[in-house]
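Pasting work04.pdb here (PDB, C-alpha atoms, pLDDT in the B column):
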ATOM      1  CA  LEU A   1     -61.918  31.416 -57.400  1.00 35.00           C
ATOM      2  CA  LYS A   2     -64.616  30.060 -55.123  1.00 37.00           C
ATOM      3  CA  GLU A   3     -67.197  32.877 -55.206  1.00 42.00           C
ATOM      4  CA  ARG A   4     -70.502  30.981 -55.364  1.00 44.00           C
ATOM      5  CA  GLU A   5     -72.447  33.939 -56.786  1.00 48.00           C
ATOM      6  CA  THR A   6     -70.298  33.996 -59.920  1.00 46.00           C
ATOM      7  CA  THR A   7     -71.643  32.424 -63.092  1.00 49.00           C
ATOM      8  CA  VAL A   8     -69.513  29.475 -64.181  1.00 49.00           C
ATOM      9  CA  HIS A   9     -68.166  29.693 -67.729  1.00 49.00           C
ATOM     10  CA  THR A  10     -66.080  27.236 -69.685  1.00 50.00           C
ATOM     11  CA  LEU A  11     -63.213  28.408 -71.860  1.00 52.00           C
ATOM     12  CA  ILE A  12     -65.283  27.684 -74.962  1.00 50.00           C
ATOM     13  CA  GLN A  13     -68.022  30.034 -73.679  1.00 50.00           C
ATOM     14  CA  LEU A  14     -65.694  32.988 -73.060  1.00 50.00           C
ATOM     15  CA  PRO A  15     -66.687  36.155 -74.911  1.00 50.00           C
ATOM     16  CA  ALA A  16     -65.399  36.149 -78.470  1.00 52.00           C
ATOM     17  CA  SER A  17     -64.481  39.839 -78.655  1.00 49.00           C
ATOM     18  CA  PRO A  18     -60.890  40.476 -79.826  1.00 51.00           C
ATOM     19  CA  GLU A  19     -60.244  42.701 -76.793  1.00 50.00           C
ATOM     20  CA  PHE A  20     -61.262  39.934 -74.394  1.00 47.00           C
ATOM     21  CA  GLN A  21     -59.276  37.320 -76.288  1.00 47.00           C
ATOM     22  CA  GLN A  22     -56.160  39.472 -76.360  1.00 48.00           C
ATOM     23  CA  ARG A  23     -56.351  40.360 -72.687  1.00 47.00           C
ATOM     24  CA  TYR A  24     -57.516  37.133 -71.091  1.00 46.00           C
ATOM     25  CA  ASP A  25     -57.066  34.174 -73.403  1.00 47.00           C
ATOM     26  CA  ASP A  26     -53.693  32.930 -74.610  1.00 53.00           C
ATOM     27  CA  SER A  27     -55.140  29.582 -75.641  1.00 53.00           C
ATOM     28  CA  ASP A  28     -54.428  30.311 -79.318  1.00 56.00           C
ATOM     29  CA  ALA A  29     -50.728  30.474 -78.466  1.00 59.00           C
ATOM     30  CA  PHE A  30     -50.533  26.722 -77.873  1.00 62.00           C
ATOM     31  CA  PHE A  31     -47.720  24.997 -79.717  1.00 65.00           C
ATOM     32  CA  ASP A  32     -49.948  22.086 -80.612  1.00 71.00           C
ATOM     33  CA  ALA A  33     -53.678  21.828 -81.391  1.00 75.00           C
ATOM     34  CA  GLU A  34     -54.020  18.544 -79.483  1.00 81.00           C
ATOM     35  CA  ALA A  35     -52.292  20.053 -76.421  1.00 80.00           C
ATOM     36  CA  ARG A  36     -54.743  22.986 -76.555  1.00 80.00           C
ATOM     37  CA  LYS A  37     -57.725  20.622 -76.802  1.00 85.00           C
ATOM     38  CA  HIS A  38     -56.416  18.472 -73.920  1.00 86.00           C
ATOM     39  CA  PHE A  39     -55.756  21.576 -71.775  1.00 86.00           C
ATOM     40  CA  ILE A  40     -59.216  23.068 -72.362  1.00 86.00           C
ATOM     41  CA  THR A  41     -60.872  19.691 -71.678  1.00 90.00           C
ATOM     42  CA  GLN A  42     -59.049  19.415 -68.339  1.00 91.00           C
ATOM     43  CA  ILE A  43     -59.890  23.009 -67.347  1.00 90.00           C
ATOM     44  CA  ASN A  44     -63.545  22.500 -68.229  1.00 90.00           C
ATOM     45  CA  ALA A  45     -63.580  19.259 -66.187  1.00 92.00           C
ATOM     46  CA  LEU A  46     -62.162  21.153 -63.200  1.00 92.00           C
ATOM     47  CA  ILE A  47     -64.642  24.056 -63.291  1.00 92.00           C
ATOM     48  CA  PRO A  48     -67.694  22.229 -61.804  1.00 92.00           C
ATOM     49  CA  SER A  49     -65.654  20.994 -58.818  1.00 92.00           C
ATOM     50  CA  VAL A  50     -64.274  24.444 -57.924  1.00 91.00           C
ATOM     51  CA  PRO A  51     -66.982  25.247 -55.307  1.00 91.00           C
ATOM     52  CA  LYS A  52     -66.107  22.029 -53.436  1.00 93.00           C
ATOM     53  CA  LEU A  53     -62.331  22.608 -53.401  1.00 90.00           C
ATOM     54  CA  THR A  54     -60.156  24.765 -51.176  1.00 89.00           C
ATOM     55  CA  ASP A  55     -58.220  27.586 -52.795  1.00 86.00           C
ATOM     56  CA  THR A  56     -55.015  25.576 -52.406  1.00 85.00           C
ATOM     57  CA  GLN A  57     -56.580  22.523 -54.054  1.00 89.00           C
ATOM     58  CA  ILE A  58     -57.726  24.686 -56.965  1.00 90.00           C
ATOM     59  CA  VAL A  59     -54.251  26.137 -57.426  1.00 88.00           C
ATOM     60  CA  TYR A  60     -52.620  22.710 -57.369  1.00 89.00           C
ATOM     61  CA  GLU A  61     -55.145  21.298 -59.811  1.00 92.00           C
ATOM     62  CA  LEU A  62     -54.290  24.187 -62.157  1.00 91.00           C
ATOM     63  CA  LEU A  63     -50.596  23.436 -61.653  1.00 89.00           C
ATOM     64  CA  ARG A  64     -51.197  19.758 -62.418  1.00 91.00           C
ATOM     65  CA  ILE A  65     -53.076  20.659 -65.585  1.00 91.00           C
ATOM     66  CA  ALA A  66     -50.313  23.042 -66.710  1.00 87.00           C
ATOM     67  CA  ALA A  67     -47.709  20.365 -65.992  1.00 88.00           C
ATOM     68  CA  THR A  68     -49.459  17.922 -68.357  1.00 86.00           C
ATOM     69  CA  LEU A  69     -48.379  20.140 -71.241  1.00 83.00           C
ATOM     70  CA  GLY A  70     -44.787  18.946 -70.788  1.00 79.00           C
ATOM     71  CA  ASP A  71     -43.412  22.454 -71.255  1.00 78.00           C
ATOM     72  CA  ALA A  72     -41.142  24.024 -68.639  1.00 77.00           C
ATOM     73  CA  HIS A  73     -42.310  27.517 -69.610  1.00 75.00           C
ATOM     74  CA  SER A  74     -45.999  26.779 -69.038  1.00 75.00           C
ATOM     75  CA  GLY A  75     -47.227  27.242 -65.526  1.00 73.00           C
ATOM     76  CA  MET A  76     -48.348  29.796 -63.031  1.00 73.00           C
ATOM     77  CA  ASP A  77     -47.092  31.689 -60.028  1.00 70.00           C
ATOM     78  CA  VAL A  78     -49.045  30.099 -57.208  1.00 70.00           C
ATOM     79  CA  GLY A  79     -48.389  32.997 -54.866  1.00 71.00           C
ATOM     80  CA  PHE A  80     -47.441  30.734 -51.957  1.00 69.00           C
ATOM     81  CA  ARG A  81     -44.463  32.048 -50.032  1.00 73.00           C
ATOM     82  CA  ASP A  82     -44.636  29.609 -47.128  1.00 78.00           C
ATOM     83  CA  PHE A  83     -41.272  27.828 -47.322  1.00 88.00           C
ATOM     84  CA  PHE A  84     -39.225  25.863 -44.845  1.00 91.00           C
ATOM     85  CA  PRO A  85     -35.898  27.603 -44.091  1.00 91.00           C
ATOM     86  CA  ILE A  86     -33.644  25.216 -45.986  1.00 93.00           C
ATOM     87  CA  GLU A  87     -32.617  25.148 -49.645  1.00 94.00           C
ATOM     88  CA  PHE A  88     -31.310  22.274 -51.725  1.00 96.00           C
ATOM     89  CA  ASP A  89     -29.277  21.803 -54.891  1.00 95.00           C
ATOM     90  CA  ALA A  90     -29.312  18.611 -56.940  1.00 95.00           C
ATOM     91  CA  ILE A  91     -26.272  16.761 -58.194  1.00 93.00           C
ATOM     92  CA  TYR A  92     -26.028  13.372 -59.859  1.00 92.00           C
ATOM     93  CA  GLU A  93     -24.556  10.435 -57.996  1.00 93.00           C
ATOM     94  CA  ASN A  94     -24.304   7.137 -59.849  1.00 92.00           C
ATOM     95  CA  GLY A  95     -26.752   8.415 -62.474  1.00 90.00           C
ATOM     96  CA  LYS A  96     -29.421   9.416 -59.924  1.00 91.00           C
ATOM     97  CA  PRO A  97     -30.187  12.856 -58.511  1.00 93.00           C
ATOM     98  CA  ALA A  98     -29.273  13.606 -54.912  1.00 96.00           C
ATOM     99  CA  PHE A  99     -30.306  16.734 -53.029  1.00 97.00           C
ATOM    100  CA  TYR A 100     -27.863  18.550 -50.766  1.00 96.00           C
ATOM    101  CA  ALA A 101     -28.561  21.387 -48.325  1.00 95.00           C
ATOM    102  CA  VAL A 102     -26.887  24.567 -49.590  1.00 95.00           C
ATOM    103  CA  ARG A 103     -28.646  27.147 -47.391  1.00 93.00           C
ATOM    104  CA  VAL A 104     -29.751  26.757 -43.800  1.00 93.00           C
ATOM    105  CA  THR A 105     -30.667  29.095 -40.965  1.00 91.00           C
ATOM    106  CA  GLN A 106     -28.059  30.352 -38.556  1.00 93.00           C
ATOM    107  CA  GLY A 107     -27.291  27.805 -35.896  1.00 92.00           C
ATOM    108  CA  HIS A 108     -27.798  24.855 -38.241  1.00 91.00           C
ATOM    109  CA  GLU A 109     -24.546  25.113 -40.191  1.00 92.00           C
ATOM    110  CA  ASP A 110     -23.817  21.456 -39.394  1.00 92.00           C
ATOM    111  CA  LEU A 111     -26.578  20.553 -41.878  1.00 92.00           C
ATOM    112  CA  LEU A 112     -24.834  22.265 -44.817  1.00 93.00           C
ATOM    113  CA  LEU A 113     -24.069  19.741 -47.551  1.00 94.00           C
ATOM    114  CA  GLY A 114     -26.254  17.184 -45.804  1.00 96.00           C
ATOM    115  CA  LYS A 115     -27.927  14.814 -48.252  1.00 97.00           C
ATOM    116  CA  LEU A 116     -31.735  14.836 -48.125  1.00 98.00           C
ATOM    117  CA  THR A 117     -32.977  11.281 -47.659  1.00 98.00           C
ATOM    118  CA  ALA A 118     -36.601  11.774 -46.571  1.00 98.00           C
ATOM    119  CA  ILE A 119     -39.262  14.285 -45.592  1.00 98.00           C
ATOM    120  CA  ASN A 120     -41.500  13.185 -42.705  1.00 98.00           C
ATOM    121  CA  GLY A 121     -40.125   9.674 -43.101  1.00 98.00           C
ATOM    122  CA  ILE A 122     -41.112   9.486 -46.777  1.00 98.00           C
ATOM    123  CA  PRO A 123     -38.070   8.549 -48.890  1.00 98.00           C
ATOM    124  CA  ILE A 124     -36.932  11.293 -51.273  1.00 97.00           C
ATOM    125  CA  GLU A 125     -37.717   9.105 -54.302  1.00 96.00           C
ATOM    126  CA  GLU A 126     -41.378   8.920 -53.211  1.00 98.00           C
ATOM    127  CA  VAL A 127     -41.403  12.666 -52.444  1.00 98.00           C
ATOM    128  CA  ILE A 128     -40.276  13.345 -56.032  1.00 97.00           C
ATOM    129  CA  THR A 129     -42.924  10.964 -57.401  1.00 97.00           C
ATOM    130  CA  ARG A 130     -45.645  12.795 -55.487  1.00 97.00           C
ATOM    131  CA  LEU A 131     -44.488  16.313 -56.449  1.00 96.00           C
ATOM    132  CA  LYS A 132     -43.692  15.569 -60.107  1.00 96.00           C
ATOM    133  CA  PRO A 133     -47.293  15.845 -61.460  1.00 95.00           C
ATOM    134  CA  TYR A 134     -47.444  19.474 -60.261  1.00 93.00           C
ATOM    135  CA  ILE A 135     -44.183  20.629 -61.860  1.00 92.00           C
ATOM    136  CA  PRO A 136     -44.160  21.875 -65.460  1.00 87.00           C
ATOM    137  CA  HIS A 137     -41.080  20.337 -67.063  1.00 87.00           C
ATOM    138  CA  GLU A 138     -39.968  18.944 -70.376  1.00 86.00           C
ATOM    139  CA  ASN A 139     -36.992  16.992 -69.101  1.00 89.00           C
ATOM    140  CA  GLU A 140     -35.455  15.745 -65.869  1.00 91.00           C
ATOM    141  CA  PHE A 141     -33.170  18.781 -65.513  1.00 91.00           C
ATOM    142  CA  TRP A 142     -36.116  21.190 -65.403  1.00 90.00           C
ATOM    143  CA  LEU A 143     -37.849  18.897 -62.934  1.00 93.00           C
ATOM    144  CA  LEU A 144     -34.825  18.949 -60.622  1.00 94.00           C
ATOM    145  CA  LYS A 145     -34.472  22.726 -60.926  1.00 92.00           C
ATOM    146  CA  ARG A 146     -38.110  23.287 -59.991  1.00 89.00           C
ATOM    147  CA  LEU A 147     -37.880  20.806 -57.134  1.00 93.00           C
ATOM    148  CA  CYS A 148     -34.881  22.689 -55.742  1.00 93.00           C
ATOM    149  CA  ASP A 149     -36.257  26.173 -56.428  1.00 87.00           C
ATOM    150  CA  SER A 150     -39.521  25.702 -54.622  1.00 82.00           C
ATOM    151  CA  MET A 151     -41.408  22.439 -54.374  1.00 91.00           C
ATOM    152  CA  LEU A 152     -39.192  20.487 -51.959  1.00 94.00           C
ATOM    153  CA  THR A 153     -39.537  23.150 -49.281  1.00 94.00           C
ATOM    154  CA  GLN A 154     -42.953  24.674 -50.020  1.00 93.00           C
ATOM    155  CA  LEU A 155     -45.396  23.833 -47.232  1.00 93.00           C
ATOM    156  CA  PRO A 156     -48.582  23.902 -49.395  1.00 91.00           C
ATOM    157  CA  ALA A 157     -46.965  21.591 -51.983  1.00 93.00           C
ATOM    158  CA  LEU A 158     -45.968  19.120 -49.293  1.00 95.00           C
ATOM    159  CA  GLN A 159     -49.451  19.322 -47.756  1.00 95.00           C
ATOM    160  CA  GLN A 160     -51.190  18.875 -51.125  1.00 93.00           C
ATOM    161  CA  THR A 161     -49.229  15.705 -51.814  1.00 95.00           C
ATOM    162  CA  GLY A 162     -49.760  14.182 -48.365  1.00 96.00           C
ATOM    163  CA  ILE A 163     -46.125  14.486 -47.305  1.00 97.00           C
ATOM    164  CA  VAL A 164     -47.247  16.905 -44.590  1.00 97.00           C
ATOM    165  CA  LYS A 165     -50.725  16.570 -43.083  1.00 96.00           C
ATOM    166  CA  PRO A 166     -53.044  19.490 -43.948  1.00 92.00           C
ATOM    167  CA  GLU A 167     -53.287  20.623 -40.329  1.00 94.00           C
ATOM    168  CA  GLU A 168     -49.517  20.522 -39.749  1.00 94.00           C
ATOM    169  CA  THR A 169     -47.133  23.416 -40.334  1.00 92.00           C
ATOM    170  CA  GLY A 170     -43.885  21.576 -39.685  1.00 94.00           C
ATOM    171  CA  ALA A 171     -41.919  18.789 -41.300  1.00 96.00           C
ATOM    172  CA  ILE A 172     -38.907  16.644 -40.520  1.00 96.00           C
ATOM    173  CA  PHE A 173     -36.225  16.843 -43.195  1.00 96.00           C
ATOM    174  CA  SER A 174     -33.889  13.854 -42.784  1.00 97.00           C
ATOM    175  CA  LEU A 175     -30.346  14.597 -43.874  1.00 97.00           C
ATOM    176  CA  GLU A 176     -27.269  12.383 -44.029  1.00 96.00           C
ATOM    177  CA  THR A 177     -24.177  14.247 -42.853  1.00 92.00           C
ATOM    178  CA  ASP A 178     -20.650  13.286 -41.952  1.00 85.00           C
ATOM    179  CA  THR A 179     -21.575  13.820 -38.320  1.00 76.00           C
TER     180      THR A 179
END

Could you express the structure from this file as structure tokens?
Amino acid sequence: LKERETTVHTLIQLPASPEFQQRYDDSDAFFDAEARKHFITQINALIPSVPKLTDTQIVYELLRIAATLGDAHSGMDVGFRDFFPIEFDAIYENGKPAFYAVRVTQGHEDLLLGKLTAINGIPIEEVITRLKPYIPHENEFWLLKRLCDSMLTQLPALQQTGIVKPEETGAIFSLETDT
């Protein structure tokens, strides 16, 4: 994505051959002409800044752009597999989502069913606010599913949003437990 010797093209400049369009461009599959126009405008605005961005920043900008479509089925596999060894599920308490630890590493069983309150001292509500722009979703349930499936425990996502400093590889997950 950052090869400086490559010629920069915008989506509008892509070759018009049917073979190229069929293989590389799904932009005609947009559900809405305005959404397509908005998407292409954002991609074209991103292209000039690509040489100045890290690969991770590029990926998260693409995620942010995909998320603006408001469609849970639009997105990309970012390829990051750097997760913290804890998994959460969301349930509603008093009309608000709460995240509970449902998988932990051996030796940390006392954290099971602990309620996540903060990551690196940042309250969970703020964590959600920071991650939300990068998650394709069309309603709150998809947002919560994606948060639980990957974003809450994905190191690059937490680094990109300033929850974890770029040079750090650890985080403190604060959990409320009975003990």

field: Contacts of stretch 148-162 of chain A within 9 Å, all atoms listed in the file, excl. fewer than 5 positions in-chain, as a list in words
entry: Thr56, Gln57, Tyr60, Phe80, Arg81, Asp82, Phe83, Phe84, Pro85, Ile86, Glu87, Phe88, Asp89, Ala90, Phe99, Ile119, Val127, Ile128, Arg130, Leu131, Tyr134, Ile135, Leu143, Glu167, Glu168, Thr169, Gly170 and Ala171 of chain A

- prompt: Looking at A:Ile40, A:Leu147, A:Met76, A:Leu46, which one is nearest to A:Leu63, with distances taken over all atoms listed in the file?
  reply: A:Met76

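Residues surrounding A:Ala98 within 8 Å are Ala90, Ile91, Tyr92, Glu93, Lys115 and Leu116 of chain A [all atoms listed in the file; sequence separation below 4 positions excluded].
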
- request: Would you kindly return, as number ranges by chain, each protein, DNA or RNA residue with an atom no farther than 6 Å from any atom of A:Thr117, considering all atoms listed in the file and excluding same-chain residues fewer than 5 positions away?
  value: A: 123-124, 174-175

Residues as selected, C-alpha atoms, written as a compact mmCIF listing (two decimals), keeping the file's coordinate frame, can you do that?
# COMPACT_ATOMS: atom_id res chain seq x y z
CA PRO A 123 -38.07 8.55 -48.89
CA ILE A 124 -36.93 11.29 -51.27
CA SER A 174 -33.89 13.85 -42.78
CA LEU A 175 -30.35 14.60 -43.87

Grab all the atoms of stretch 39-54 of chain A that the file lists, wrap them in a box along x, y and z, add 6 Å per side, and give me centre plus edge lengths in Å (one decimal) as JSON.
{"center_x": -61.7, "center_y": 22.3, "center_z": -61.8, "size_x": 23.9, "size_y": 18.0, "size_z": 33.2}

I need the output of the PyMOL selection byres ((chain A and resi 67) around 6) for this file as a PDB file with C-alpha atoms, in the coordinates of the input; which residues are they?
ATOM      1  CA  ARG A  64     -51.197  19.758 -62.418  1.00 91.00           C
ATOM      2  CA  ILE A  65     -53.076  20.659 -65.585  1.00 91.00           C
ATOM      3  CA  ALA A  66     -50.313  23.042 -66.710  1.00 87.00           C
ATOM      4  CA  THR A  68     -49.459  17.922 -68.357  1.00 86.00           C
ATOM      5  CA  LEU A  69     -48.379  20.140 -71.241  1.00 83.00           C
ATOM      6  CA  GLY A  70     -44.787  18.946 -70.788  1.00 79.00           C
ATOM      7  CA  TYR A 134     -47.444  19.474 -60.261  1.00 93.00           C
ATOM      8  CA  ILE A 135     -44.183  20.629 -61.860  1.00 92.00           C
ATOM      9  CA  PRO A 136     -44.160  21.875 -65.460  1.00 87.00           C
TER      10      PRO A 136
END

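Atom CA of A:Ala45 to atom CA of A:Ile58 spans 12.2 Å [interatomic distance, one decimal].
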
Coordinates-based distance that separates atom CA of A:Tyr100 from atom CA of A:Leu112 (Å, one decimal): 7.6 Å

Given the PyMOL selection byres ((chain A and resi 111) around 9) and the file above, list the residues it selects as a PDB file with C-alpha atoms, in the coordinates of the input.
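Written output follows (part.pdb):
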ATOM      1  CA  ALA A 101     -28.561  21.387 -48.325  1.00 95.00           C
ATOM      2  CA  VAL A 102     -26.887  24.567 -49.590  1.00 95.00           C
ATOM      3  CA  ARG A 103     -28.646  27.147 -47.391  1.00 93.00           C
ATOM      4  CA  VAL A 104     -29.751  26.757 -43.800  1.00 93.00           C
ATOM      5  CA  HIS A 108     -27.798  24.855 -38.241  1.00 91.00           C
ATOM      6  CA  GLU A 109     -24.546  25.113 -40.191  1.00 92.00           C
ATOM      7  CA  ASP A 110     -23.817  21.456 -39.394  1.00 92.00           C
ATOM      8  CA  LEU A 112     -24.834  22.265 -44.817  1.00 93.00           C
ATOM      9  CA  LEU A 113     -24.069  19.741 -47.551  1.00 94.00           C
ATOM     10  CA  GLY A 114     -26.254  17.184 -45.804  1.00 96.00           C
ATOM     11  CA  LYS A 115     -27.927  14.814 -48.252  1.00 97.00           C
ATOM     12  CA  LEU A 175     -30.346  14.597 -43.874  1.00 97.00           C
ATOM     13  CA  GLU A 176     -27.269  12.383 -44.029  1.00 96.00           C
ATOM     14  CA  THR A 177     -24.177  14.247 -42.853  1.00 92.00           C
TER      15      THR A 177
END

- line: Here atom CA of A:Glu138 and atom CA of A:Asn44 stand apart by 23.9 Å
